[in-house]
Amino acid sequence: MDDLYKELCEKATELMDIGSAAAVLGWDQQVNMPPGGAEARGRQIGTLAKIAHETLINPRIGVLLEKLAPFEAEKGYGSKEASIIRLARREYDKAVKVPPEFTGRMSVAQSECFDIWLKARPANDFAMVRPSLENVFGLCAEYSDFFPGYEHPMDPLIDNNDYGMKASDIRSIFGELRKQLVPMVDAIDSQEPADDTFLRKNFDADKQIVFGKSVVEKYGYDFNRGRQDIAPHPFTISFSVGDVRITTRVRPNFLGSALFGTLHEAGHAMYEQGSATELDGTPVRGGTSIGVHESQSRLWENIVGRSRPFWQHYYPGLQGDFPEQLGAVPLDKFYRGINKVQKSLIRVEADEVTYNLHVMLRFDFECDLLTGKLKTSELPDAWNDRMEADIGLRPSTDSDGVMQDIHWYNSIVGYFQGYTLGNIMSAQFYDAAVMTHPEIPEQIGQGEFATLHAWLKENIYRHGRKYTASELLERATGSSLEIGPYMKYLKTKYGELYVL
Ligand code: ZN
């Protein structure tokens with residue numbers, strides 16, 4: 001049995017290595033590569049993806065998984081061995097159901113749609129990209145049909161990102177959240193907006209980077225096992241426990257972009273760096289779901305990084321770095337400014353309170369596009385109507401409406417829900433950490449994060465993908481997914497800033 005297990009591990013590591021090699025190429029593509037490299041790089045990444053797929057669907061893996069079932073049962077669910085076998089099986093079972101011919105068509109459709117979107121968005125020409133988008137949604141529906149027995153065609157797509165969740169689960173959580181959020185947004189919107197003009201002065205880019213780095217280093221992001229680079233779209237990418245990188249975008253005329261972007265990506269990165277070393281090179285390393293990943297980035301970005309105690313500690317230093325811009329802005333005004341709530345058109349620029357409404361709209365539309373209830377030709381109007389109804393603003397262009405996010409145009413469907421699940425879970429995890437260590441908020445006020453980081457590492461990071469999101473929540477917080485702690489967090493924080 002040990003030999004079979006060893007053989008499976010070797011194959012799994014090979015697969016992880018191919019994936020990491022492709023990830024290095026992808027990192028380079030976004031950070032260093034000259035534009036002339038684009039075509040060949042696309043092909044190189046495609047070749048590795050093909051090799052990975054062939055390696056994964058090797059029938060020998062199926063044989064090993066079957067023979068190892070008794071060994072898996074004997075080792076027990078939480079063991080490293082059983083977890084590796086279970087995760088390998090999950091990926092193998094999925095991969096063998098999807099014919100390579102389909103994967104090829106999907107990848108062509110994906111790059112075609114993405115390329116057209118790159119031109120259609122700046123030209124505000126949805127009609128240009130509509131046929132490709134329709135093709136993408138058609139293929140996504142076809143993908144779901146490889147997994148018969150689903151309740152909703154979104155379910156198999158959601159499963160790839162937030163394993164174990166179904167569209168119906170998400171609908172019921174979102175419905176409940178929406179009922180509480182909408183009145184809150186309306187109440188805030190009827191009041192005097194916060195002033196955040198001081199964030200939009202000119203801020204030296206290098207100084208912004210240095211400040212962000214100093215914070216995330218203190219958070220616990222390990223630069224010996226990571227690095228930070230500049231990229232047009234911020235992201236985190238990991239090749240192993242020993243190499244987890246972040247990127248940041250700096251805007252000289254907006255302080256919030258690099259600062260909060262860095263805190264966010266560092267949250268993702270610390271999760272990846274925190275996988276137990278024994279999980280490196282196995283399918284168990286990394287984050288267990290998009291929702292849990294986002295819970296970690298948002299916890300460090302928002303719950304910690306936009307809190308008053310945090311800025312009581314850090315603001316004098318920031319003022320010292322930017323005396324002309326911030327010297328005359330008192331802490332209280334700064335705190336209100338970075339937590340300004342305002343109805344806006346663009347999801348990635350939305351504040352904590354309105355953000356989830358942007359997610360719900362996308363989730364509902366992708367569900368309806370998959371079933372055919374909504375046609376791509378009806379999408380722009382449907383989008384604008386819903387924005388008007390939910391956010392009170394009607395986009396004047398499709399570029400700022402239905403074409404603003406890369407996801408669908410890059411064949412990523414069934415992903416958006418993870419952002420809101422992350423917001424909800426971030427409050428549950430943080431509450432549980434503070435319950436065990438009530439000194440955490442005070443420590444944040446002193447710029448000390450070791451206790452919080454250690455709790456997250458112990459209860460979340462080190463497990464990698466061993467437990468599903470709901471198992472992890474249950475283990476770490478003692479409860480299942482619930483919106484109570486998140487709503488309490490929002491009501492407490494924004495109740496102090498606005499009359500609610
Ligand atoms: Zn994120």
# chains A, B, ... in the order shown; residues from 1 in each chain; ligands from 1

$ residues_around --residues "Thr13 (chain A)" --least-positions-apart "2" --cutoff "9 Å" --atoms "only C-alpha atoms" --output "CSV table (one decimal) with all heavy atoms, in the first residue's frame"
chain,number,residue,atom,x,y,z
A,8,LEU,N,1.2,7.5,-6.2
A,8,LEU,CA,0.2,8.6,-6.4
A,8,LEU,C,0.8,10.0,-6.0
A,8,LEU,O,0.6,10.9,-6.7
A,8,LEU,CB,-1.0,8.3,-5.5
A,8,LEU,CG,-2.1,9.3,-5.7
A,8,LEU,CD1,-2.9,9.1,-7.0
A,8,LEU,CD2,-3.1,9.3,-4.5
A,9,CYS,N,1.5,10.0,-4.9
A,9,CYS,CA,2.1,11.3,-4.5
A,9,CYS,C,3.1,11.8,-5.5
A,9,CYS,O,3.1,13.0,-5.8
A,9,CYS,CB,2.9,11.1,-3.1
A,9,CYS,SG,1.7,11.0,-1.8
A,10,GLU,N,3.9,10.9,-6.1
A,10,GLU,CA,4.8,11.3,-7.2
A,10,GLU,C,4.1,11.9,-8.3
A,10,GLU,O,4.5,13.0,-8.9
A,10,GLU,CB,5.7,10.2,-7.6
A,10,GLU,CG,6.9,9.9,-6.7
A,10,GLU,CD,7.5,8.6,-6.9
A,10,GLU,OE1,7.3,7.9,-7.9
A,10,GLU,OE2,8.3,8.2,-6.0
A,11,LYS,N,3.0,11.2,-8.7
A,11,LYS,CA,2.2,11.7,-9.9
A,11,LYS,C,1.6,13.1,-9.5
A,11,LYS,O,1.5,14.0,-10.3
A,11,LYS,CB,1.2,10.7,-10.3
A,11,LYS,CG,1.8,9.4,-10.9
A,11,LYS,CD,0.8,8.8,-11.9
A,11,LYS,CE,1.3,7.7,-12.7
A,11,LYS,NZ,2.7,7.4,-12.8
A,15,LEU,N,2.2,16.8,-11.3
A,15,LEU,CA,1.1,17.6,-11.7
A,15,LEU,C,1.1,19.0,-11.1
A,15,LEU,O,0.9,20.1,-11.8
A,15,LEU,CB,-0.3,17.0,-11.3
A,15,LEU,CG,-1.5,17.4,-12.0
A,15,LEU,CD1,-1.5,17.2,-13.5
A,15,LEU,CD2,-2.7,16.6,-11.4
A,16,MET,N,1.4,19.1,-9.8
A,16,MET,CA,1.6,20.4,-9.2
A,16,MET,C,2.7,21.2,-9.8
A,16,MET,O,2.7,22.4,-9.9
A,16,MET,CB,1.8,20.2,-7.7
A,16,MET,CG,0.7,19.5,-6.9
A,16,MET,SD,-0.9,20.3,-7.0
A,16,MET,CE,-0.6,21.8,-6.2
A,17,ASP,N,3.8,20.5,-10.1
A,17,ASP,CA,5.0,21.1,-10.7
A,17,ASP,C,4.7,21.7,-12.0
A,17,ASP,O,5.1,22.8,-12.4
A,17,ASP,CB,6.2,20.2,-10.8
A,17,ASP,CG,6.8,19.9,-9.4
A,17,ASP,OD1,6.5,20.6,-8.5
A,17,ASP,OD2,7.6,18.9,-9.3
A,18,ILE,N,3.9,21.0,-12.8
A,18,ILE,CA,3.5,21.5,-14.2
A,18,ILE,C,2.7,22.8,-14.0
A,18,ILE,O,2.9,23.8,-14.6
A,18,ILE,CB,2.7,20.5,-15.0
A,18,ILE,CG1,3.6,19.2,-15.2
A,18,ILE,CG2,2.3,21.1,-16.3
A,18,ILE,CD1,2.8,18.0,-15.8
A,280,ASP,N,3.4,20.8,0.9
A,280,ASP,CA,4.0,21.4,-0.3
A,280,ASP,C,4.1,20.3,-1.4
A,280,ASP,O,4.5,19.2,-1.1
A,280,ASP,CB,5.3,22.0,0.0
A,280,ASP,CG,5.6,23.2,-0.9
A,280,ASP,OD1,4.7,23.7,-1.5
A,280,ASP,OD2,6.8,23.6,-0.9
A,281,GLY,N,3.8,20.7,-2.6
A,281,GLY,CA,3.9,19.7,-3.7
A,281,GLY,C,2.8,18.7,-3.7
A,281,GLY,O,2.8,17.7,-4.5
A,282,THR,N,1.7,18.9,-2.9
A,282,THR,CA,0.6,18.0,-2.9
A,282,THR,C,-0.7,18.8,-3.3
A,282,THR,O,-0.6,20.1,-3.2
A,282,THR,CB,0.3,17.4,-1.6
A,282,THR,OG1,-0.4,18.3,-0.7
A,282,THR,CG2,1.6,16.9,-0.9
A,283,PRO,N,-1.7,18.2,-3.7
A,283,PRO,CA,-2.9,18.9,-4.1
A,283,PRO,C,-3.6,19.6,-2.9
A,283,PRO,O,-4.6,20.3,-3.0
A,283,PRO,CB,-3.9,17.9,-4.7
A,283,PRO,CG,-3.3,16.5,-4.4
A,283,PRO,CD,-1.9,16.7,-4.0

$ closest_atom_pairs --of "region 351-425 of chain A" --to "region 166-183 of chain A" --cutoff "10 Å" --atoms "only C-alpha atoms" --output "Markdown table"
| residue | atom | partner | partner_atom | distance |
| --- | --- | --- | --- | --- |
| A:Val353 | CA | A:Leu181 | CA | 7.3 |
| A:Thr354 | CA | A:Leu181 | CA | 7.9 |
| A:Asn356 | CA | A:Arg178 | CA | 8.3 |
| A:Leu357 | CA | A:Arg178 | CA | 7.4 |
| A:Val359 | CA | A:Phe174 | CA | 9.4 |
| A:Met360 | CA | A:Phe174 | CA | 6.9 |
| A:Phe363 | CA | A:Arg171 | CA | 8.8 |
| A:Asp364 | CA | A:Arg171 | CA | 8.4 |
| A:Cys367 | CA | A:Ala167 | CA | 8.0 |
| A:Asp390 | CA | A:Val182 | CA | 7.8 |
| A:Ile391 | CA | A:Val182 | CA | 9.0 |
| A:Gly414 | CA | A:Ala167 | CA | 9.0 |
| A:Gln417 | CA | A:Ile170 | CA | 7.4 |
| A:Gly418 | CA | A:Ile170 | CA | 9.7 |
| A:Thr420 | CA | A:Phe174 | CA | 8.5 |
| A:Leu421 | CA | A:Ile170 | CA | 8.6 |
| A:Ile424 | CA | A:Leu177 | CA | 9.3 |

$ closest_atom_pairs --of "region 324-433 of chain A" --to "region 228-242 of chain A" --cutoff "12 Å" --atoms "only C-alpha atoms" --output "CSV"
residue,atom,partner,partner_atom,distance
A:Val348,CA,A:His233,CA,11.1
A:Asp405,CA,A:His233,CA,11.7
A:Ile406,CA,A:His233,CA,10.6

$ write_last_selection --atoms "N, CA, C and O atoms" --output "JSON list (two decimals), in the first residue's frame"
[["chain", "number", "residue", "atom", "x", "y", "z"],
["A", 348, "VAL", "N", -15.11, 47.09, -8.39],
["A", 348, "VAL", "CA", -13.82, 47.06, -7.69],
["A", 348, "VAL", "C", -13.54, 48.35, -6.92],
["A", 348, "VAL", "O", -12.62, 48.39, -6.12],
["A", 405, "ASP", "N", -16.08, 44.07, -15.83],
["A", 405, "ASP", "CA", -15.27, 43.01, -15.19],
["A", 405, "ASP", "C", -14.73, 42.04, -16.23],
["A", 405, "ASP", "O", -15.42, 41.66, -17.17],
["A", 406, "ILE", "N", -13.54, 41.58, -15.99],
["A", 406, "ILE", "CA", -12.87, 40.64, -16.90],
["A", 406, "ILE", "C", -13.51, 39.25, -16.87],
["A", 406, "ILE", "O", -13.49, 38.53, -17.87]]

$ residues_near_ligand --ligand "ligand 1" --cutoff "12 Å" --atoms "only C-alpha atoms and all ligand atoms" --output "PDB file with N, CA and C atoms, in the first residue's frame"
ATOM      1  N   HIS A 233      -3.000  44.774 -12.956  1.00  0.00           N
ATOM      2  CA  HIS A 233      -4.093  44.257 -12.129  1.00  0.00           C
ATOM      3  C   HIS A 233      -3.477  43.505 -10.961  1.00  0.00           C
ATOM      4  N   PRO A 234      -3.764  43.939  -9.732  1.00  0.00           N
ATOM      5  CA  PRO A 234      -3.144  43.293  -8.574  1.00  0.00           C
ATOM      6  C   PRO A 234      -3.583  41.837  -8.438  1.00  0.00           C
ATOM      7  N   PHE A 235      -2.646  40.978  -8.106  1.00  0.00           N
ATOM      8  CA  PHE A 235      -2.979  39.572  -7.876  1.00  0.00           C
ATOM      9  C   PHE A 235      -1.945  38.932  -6.960  1.00  0.00           C
ATOM     10  N   THR A 236      -2.299  37.750  -6.445  1.00  0.00           N
ATOM     11  CA  THR A 236      -1.378  36.924  -5.657  1.00  0.00           C
ATOM     12  C   THR A 236      -1.188  35.631  -6.409  1.00  0.00           C
ATOM     13  N   ILE A 237       0.033  35.128  -6.410  1.00  0.00           N
ATOM     14  CA  ILE A 237       0.268  33.866  -7.116  1.00  0.00           C
ATOM     15  C   ILE A 237       1.267  33.057  -6.307  1.00  0.00           C
ATOM     16  N   ILE A 246       3.092  38.730  -4.517  1.00  0.00           N
ATOM     17  CA  ILE A 246       1.963  39.652  -4.687  1.00  0.00           C
ATOM     18  C   ILE A 246       2.331  40.745  -5.689  1.00  0.00           C
ATOM     19  N   THR A 247       1.336  41.340  -6.296  1.00  0.00           N
ATOM     20  CA  THR A 247       1.574  42.505  -7.149  1.00  0.00           C
ATOM     21  C   THR A 247       0.640  43.627  -6.698  1.00  0.00           C
ATOM     22  N   PHE A 260      -4.570  49.811   0.032  1.00  0.00           N
ATOM     23  CA  PHE A 260      -5.520  48.757   0.390  1.00  0.00           C
ATOM     24  C   PHE A 260      -5.370  47.539  -0.513  1.00  0.00           C
ATOM     25  N   GLY A 261      -4.926  47.765  -1.761  1.00  0.00           N
ATOM     26  CA  GLY A 261      -4.644  46.638  -2.651  1.00  0.00           C
ATOM     27  C   GLY A 261      -3.541  45.753  -2.074  1.00  0.00           C
ATOM     28  N   THR A 262      -2.513  46.385  -1.520  1.00  0.00           N
ATOM     29  CA  THR A 262      -1.402  45.622  -0.938  1.00  0.00           C
ATOM     30  C   THR A 262      -1.868  44.840   0.291  1.00  0.00           C
ATOM     31  N   LEU A 263      -2.657  45.491   1.147  1.00  0.00           N
ATOM     32  CA  LEU A 263      -3.152  44.800   2.346  1.00  0.00           C
ATOM     33  C   LEU A 263      -4.014  43.605   1.936  1.00  0.00           C
ATOM     34  N   HIS A 264      -4.811  43.792   0.882  1.00  0.00           N
ATOM     35  CA  HIS A 264      -5.684  42.731   0.384  1.00  0.00           C
ATOM     36  C   HIS A 264      -4.867  41.543  -0.139  1.00  0.00           C
ATOM     37  N   GLU A 265      -3.935  41.827  -1.032  1.00  0.00           N
ATOM     38  CA  GLU A 265      -3.158  40.733  -1.625  1.00  0.00           C
ATOM     39  C   GLU A 265      -2.302  40.027  -0.573  1.00  0.00           C
ATOM     40  N   ALA A 266      -1.800  40.791   0.389  1.00  0.00           N
ATOM     41  CA  ALA A 266      -1.005  40.161   1.448  1.00  0.00           C
ATOM     42  C   ALA A 266      -1.860  39.174   2.254  1.00  0.00           C
ATOM     43  N   GLY A 267      -3.148  39.483   2.402  1.00  0.00           N
ATOM     44  CA  GLY A 267      -4.057  38.556   3.088  1.00  0.00           C
ATOM     45  C   GLY A 267      -4.154  37.233   2.334  1.00  0.00           C
ATOM     46  N   HIS A 268      -4.285  37.323   1.020  1.00  0.00           N
ATOM     47  CA  HIS A 268      -4.287  36.110   0.201  1.00  0.00           C
ATOM     48  C   HIS A 268      -2.950  35.369   0.352  1.00  0.00           C
ATOM     49  N   ALA A 269      -1.874  36.144   0.308  1.00  0.00           N
ATOM     50  CA  ALA A 269      -0.541  35.543   0.287  1.00  0.00           C
ATOM     51  C   ALA A 269      -0.188  34.857   1.607  1.00  0.00           C
ATOM     52  N   TYR A 271      -2.229  33.444   3.586  1.00  0.00           N
ATOM     53  CA  TYR A 271      -2.971  32.173   3.576  1.00  0.00           C
ATOM     54  C   TYR A 271      -2.155  31.122   2.816  1.00  0.00           C
ATOM     55  N   GLY A 287      -5.296  27.400  -0.905  1.00  0.00           N
ATOM     56  CA  GLY A 287      -6.556  27.825  -0.295  1.00  0.00           C
ATOM     57  C   GLY A 287      -7.692  26.879  -0.656  1.00  0.00           C
ATOM     58  N   SER A 289     -11.040  27.410  -0.902  1.00  0.00           N
ATOM     59  CA  SER A 289     -12.105  27.895  -1.795  1.00  0.00           C
ATOM     60  C   SER A 289     -11.891  29.378  -2.050  1.00  0.00           C
ATOM     61  N   ILE A 290     -12.571  29.884  -3.071  1.00  0.00           N
ATOM     62  CA  ILE A 290     -12.480  31.322  -3.346  1.00  0.00           C
ATOM     63  C   ILE A 290     -13.037  32.096  -2.157  1.00  0.00           C
ATOM     64  N   GLY A 291     -14.143  31.607  -1.602  1.00  0.00           N
ATOM     65  CA  GLY A 291     -14.749  32.300  -0.468  1.00  0.00           C
ATOM     66  C   GLY A 291     -13.789  32.425   0.709  1.00  0.00           C
ATOM     67  N   VAL A 292     -13.153  31.319   1.087  1.00  0.00           N
ATOM     68  CA  VAL A 292     -12.231  31.378   2.226  1.00  0.00           C
ATOM     69  C   VAL A 292     -11.023  32.258   1.869  1.00  0.00           C
ATOM     70  N   HIS A 293     -10.548  32.158   0.628  1.00  0.00           N
ATOM     71  CA  HIS A 293      -9.429  33.008   0.221  1.00  0.00           C
ATOM     72  C   HIS A 293      -9.791  34.481   0.378  1.00  0.00           C
ATOM     73  N   GLU A 294     -10.976  34.825  -0.112  1.00  0.00           N
ATOM     74  CA  GLU A 294     -11.406  36.223  -0.005  1.00  0.00           C
ATOM     75  C   GLU A 294     -11.628  36.616   1.448  1.00  0.00           C
ATOM     76  N   SER A 295     -12.042  35.678   2.274  1.00  0.00           N
ATOM     77  CA  SER A 295     -12.241  36.028   3.684  1.00  0.00           C
ATOM     78  C   SER A 295     -10.911  36.473   4.293  1.00  0.00           C
ATOM     79  N   GLN A 296      -9.826  35.860   3.848  1.00  0.00           N
ATOM     80  CA  GLN A 296      -8.525  36.212   4.398  1.00  0.00           C
ATOM     81  C   GLN A 296      -8.029  37.555   3.882  1.00  0.00           C
ATOM     82  N   SER A 297      -8.240  37.820   2.589  1.00  0.00           N
ATOM     83  CA  SER A 297      -7.790  39.108   2.053  1.00  0.00           C
ATOM     84  C   SER A 297      -8.621  40.246   2.644  1.00  0.00           C
ATOM     85  N   ARG A 298      -9.914  40.015   2.779  1.00  0.00           N
ATOM     86  CA  ARG A 298     -10.786  41.085   3.275  1.00  0.00           C
ATOM     87  C   ARG A 298     -10.619  41.317   4.769  1.00  0.00           C
ATOM     88  N   LEU A 299     -10.299  40.251   5.487  1.00  0.00           N
ATOM     89  CA  LEU A 299     -10.053  40.411   6.915  1.00  0.00           C
ATOM     90  C   LEU A 299      -8.892  41.398   7.131  1.00  0.00           C
ATOM     91  N   TRP A 300      -7.801  41.187   6.400  1.00  0.00           N
ATOM     92  CA  TRP A 300      -6.629  42.051   6.589  1.00  0.00           C
ATOM     93  C   TRP A 300      -6.811  43.419   5.943  1.00  0.00           C
ATOM     94  N   GLU A 301      -7.535  43.454   4.840  1.00  0.00           N
ATOM     95  CA  GLU A 301      -7.738  44.744   4.173  1.00  0.00           C
ATOM     96  C   GLU A 301      -8.747  45.608   4.933  1.00  0.00           C
ATOM     97  N   ASN A 302      -9.907  45.024   5.238  1.00  0.00           N
ATOM     98  CA  ASN A 302     -11.010  45.821   5.778  1.00  0.00           C
ATOM     99  C   ASN A 302     -11.134  45.788   7.293  1.00  0.00           C
ATOM    100  N   VAL A 348     -15.110  47.089  -8.394  1.00  0.00           N
ATOM    101  CA  VAL A 348     -13.822  47.061  -7.692  1.00  0.00           C
ATOM    102  C   VAL A 348     -13.541  48.347  -6.921  1.00  0.00           C
ATOM    103  N   TYR A 415     -17.958  32.428 -10.138  1.00  0.00           N
ATOM    104  CA  TYR A 415     -16.832  32.876  -9.301  1.00  0.00           C
ATOM    105  C   TYR A 415     -17.213  34.038  -8.381  1.00  0.00           C
ATOM    106  N   PHE A 416     -18.095  34.935  -8.896  1.00  0.00           N
ATOM    107  CA  PHE A 416     -18.377  36.180  -8.166  1.00  0.00           C
ATOM    108  C   PHE A 416     -18.865  35.955  -6.739  1.00  0.00           C
ATOM    109  N   GLY A 418     -17.947  34.158  -4.534  1.00  0.00           N
ATOM    110  CA  GLY A 418     -16.858  33.994  -3.570  1.00  0.00           C
ATOM    111  C   GLY A 418     -16.500  35.297  -2.856  1.00  0.00           C
ATOM    112  N   TYR A 419     -16.657  36.421  -3.545  1.00  0.00           N
ATOM    113  CA  TYR A 419     -16.316  37.704  -2.919  1.00  0.00           C
ATOM    114  C   TYR A 419     -17.232  37.999  -1.735  1.00  0.00           C
ATOM    115  N   THR A 420     -18.518  37.750  -1.929  1.00  0.00           N
ATOM    116  CA  THR A 420     -19.449  38.033  -0.830  1.00  0.00           C
ATOM    117  C   THR A 420     -19.357  36.954   0.254  1.00  0.00           C
ATOM    118  N   LEU A 421     -19.203  35.694  -0.155  1.00  0.00           N
ATOM    119  CA  LEU A 421     -18.994  34.645   0.857  1.00  0.00           C
ATOM    120  C   LEU A 421     -17.779  35.004   1.712  1.00  0.00           C
ATOM    121  N   GLY A 422     -16.752  35.552   1.053  1.00  0.00           N
ATOM    122  CA  GLY A 422     -15.539  35.963   1.766  1.00  0.00           C
ATOM    123  C   GLY A 422     -15.822  37.059   2.773  1.00  0.00           C
ATOM    124  N   ASN A 423     -16.607  38.045   2.380  1.00  0.00           N
ATOM    125  CA  ASN A 423     -16.969  39.114   3.322  1.00  0.00           C
ATOM    126  C   ASN A 423     -17.672  38.540   4.540  1.00  0.00           C
TER     127      ASN A 423
END

$ atom_distance --atom1 "CA of Gly76 (chain A)" --atom2 "CA of Tyr5 (chain A)"
14.5 Å

$ closest_residue --among "A:Phe137, A:Leu259, A:Glu324, A:Thr103" --to "Asn202 (chain A)" --atoms "only C-alpha atoms"
A:Glu324

$ select_by_dssp --residues "region 122-287 of chain A" --states "alpha helix (DSSP H)" --output "MDAnalysis selection string"
chainID A and resid 122:123 126:144 154:161 167:189 205:219 255:273

$ closest_residue --among "A:Glu91, A:Glu378, A:Glu142, A:Asp243" --to "Phe126 (chain A)" --atoms "only C-alpha atoms"
A:Glu378
